[in-house]
Amino acid sequence: MDEIQREIVELLPRLRRLARAITRDVADADDLTQLTVERALLRAAQWTPGTRLDSWMYRIMKNAWIDEARARSRQARVFAPEEQGLNIGTDGAAAMEAHLQAASVEQAMARLPDDQRLAVALVLVEGLSYREAAAVLEVPEGTLTSRLVRGRNALLADLRGAA
């Protein structure tokens with residue numbers, strides 16, 4: 001072992017003691033001590049020989065704990081407590097009902113004549129304006145409006161009859 005590694009090993013009891021004071025938890029203290037030693041060894045070239053190694057290590061530990069506290073704070077805001085996850089899920093009956101309704105509408109749309117189906121799809125499904133849909137279909141706006149009204153009425157009648 002070189003000199004800095006030997007001194008770090010000698011500091012371990014003091015580092016653990018400080019970590020326990022900072023974290024107030026034995027497992028977290030051990031993790032913090034390990035992280036501090038790891039960072040110190042990776043950055044050993046940044047330590048100035050002749051200065052206090054313990055002060056340098058304590059600063060590393062303090063900064064590591066600040067990083068950990070920030071990460072935990074972010075995690076607490078992002079993740080809900082485990083208890084909240086127990087009641088999460090889709091209502092199977094509601095999801096199935098929505099799926100069946102969508103399938104009914106799709107089937108009713110398929111039964112419309114082509115010109116009405118295209119008018120309904122462009123205006124009601126795709127959200128095009130009457131002018132835009134008429135341009136796509138290359139028909140006058142009045143013709144599009146007529147097809148749309150007939151298509152809507154046929155859809156409503158079909159869906160009411162299915163219910």
# chains A, B, ... in the order shown; residues from 1 in each chain; ligands from 1
call {"tool": "select_by_dssp", "arguments": {"residues": "stretch 45-132 of chain A", "states": "helix (DSSP H, G or I)", "output": "PyMOL selection string"}}
result
chain A and resi 45-46+53-78+82-85+92-111+114-125+130-132
call {"tool": "residues_around", "arguments": {"residues": "stretch 144-149 of chain A", "least_positions_apart": "3", "cutoff": "7 Å", "atoms": "only C-alpha atoms", "output": "ChimeraX atom specification"}}
result
/A:115-116,119-120,134,139-141,152-153
call {"tool": "write_last_selection", "arguments": {"atoms": "C-alpha atoms", "output": "short mmCIF file (atom, residue, chain, number, x, y, z; two decimals), in the first residue's frame"}}
result
data_model
loop_
_atom_site.label_atom_id
_atom_site.label_comp_id
_atom_site.auth_asym_id
_atom_site.auth_seq_id
_atom_site.Cartn_x
_atom_site.Cartn_y
_atom_site.Cartn_z
CA ASP A 115 -68.49 8.98 -48.93
CA GLN A 116 -70.09 9.36 -45.47
CA ALA A 119 -66.48 12.71 -44.25
CA VAL A 120 -66.98 11.48 -40.68
CA ALA A 134 -63.83 19.26 -48.61
CA VAL A 139 -66.05 18.24 -53.21
CA PRO A 140 -67.87 21.49 -52.37
CA GLU A 141 -68.26 22.30 -48.65
CA ARG A 152 -73.57 11.22 -38.11
CA ASN A 153 -77.27 10.40 -38.14
#
call {"tool": "residues_around", "arguments": {"residues": "A:Arg59", "least_positions_apart": "3", "cutoff": "12 Å", "atoms": "only C-alpha atoms", "output": "list in words"}}
result
Leu15, Leu18, Ala19, Thr36, Val37, Arg39, Ala40, Trp47, Arg52, Leu53, Asp54, Ser55, Trp56, Lys62, Asn63, Ala64, Trp65 and Ile66 of chain A
call {"tool": "write_last_selection", "arguments": {"atoms": "C-alpha atoms", "output": "tab-separated table (two decimals), in the first residue's frame"}}
result
chain	number	residue	atom	x	y	z
A	15	LEU	CA	-14.83	8.14	9.10
A	18	LEU	CA	-18.65	10.71	11.45
A	19	ALA	CA	-20.81	8.86	8.94
A	36	THR	CA	-16.08	8.40	0.68
A	37	VAL	CA	-13.11	6.03	0.54
A	39	ARG	CA	-14.02	8.84	-4.10
A	40	ALA	CA	-10.84	9.62	-2.15
A	47	TRP	CA	-5.01	15.73	-2.29
A	52	ARG	CA	-4.68	17.24	6.62
A	53	LEU	CA	-5.99	14.09	4.97
A	54	ASP	CA	-8.79	13.76	7.52
A	55	SER	CA	-10.18	17.21	6.68
A	56	TRP	CA	-10.05	16.41	2.99
A	62	LYS	CA	-20.00	15.83	3.56
A	63	ASN	CA	-20.37	16.42	-0.18
A	64	ALA	CA	-21.27	12.79	-0.79
A	65	TRP	CA	-23.98	13.01	1.87
A	66	ILE	CA	-25.35	16.22	0.35
call {"tool": "atom_distance", "arguments": {"atom1": "atom CA of A:Arg117", "atom2": "atom CA of A:Glu97"}}
result
23.8 Å
call {"tool": "residues_around", "arguments": {"residues": "stretch 157-160 of chain A", "least_positions_apart": "4", "cutoff": "8 Å", "atoms": "only C-alpha atoms", "output": "VMD selection string"}}
result
chain A and resid 104 to 105 108 153
call {"tool": "write_last_selection", "arguments": {"atoms": "all heavy atoms", "output": "compact mmCIF listing (two decimals), in the first residue's frame"}}
result
# COMPACT_ATOMS: atom_id res chain seq x y z
N SER A 104 -67.68 -1.06 -31.18
CA SER A 104 -69.02 -0.81 -31.74
C SER A 104 -68.99 0.37 -32.70
O SER A 104 -69.60 0.32 -33.78
CB SER A 104 -70.03 -0.54 -30.63
OG SER A 104 -70.17 -1.66 -29.80
N VAL A 105 -68.31 1.43 -32.31
CA VAL A 105 -68.22 2.61 -33.17
C VAL A 105 -67.47 2.26 -34.45
O VAL A 105 -67.87 2.64 -35.55
CB VAL A 105 -67.54 3.78 -32.43
CG1 VAL A 105 -67.24 4.93 -33.38
CG2 VAL A 105 -68.43 4.26 -31.29
N ALA A 108 -69.77 0.30 -36.66
CA ALA A 108 -70.80 1.17 -37.23
C ALA A 108 -70.21 2.05 -38.34
O ALA A 108 -70.85 2.27 -39.37
CB ALA A 108 -71.42 2.03 -36.14
N ASN A 153 -75.94 10.94 -38.45
CA ASN A 153 -77.27 10.40 -38.14
C ASN A 153 -77.29 8.88 -38.26
O ASN A 153 -77.88 8.19 -37.43
CB ASN A 153 -78.33 11.03 -39.04
CG ASN A 153 -78.58 12.48 -38.69
OD1 ASN A 153 -78.27 12.93 -37.57
ND2 ASN A 153 -79.12 13.25 -39.62
call {"tool": "closest_residue", "arguments": {"among": "A:Gly151, A:Gly142, A:Gly127, A:Pro13", "to": "A:Met109", "atoms": "only C-alpha atoms"}}
result
A:Gly151
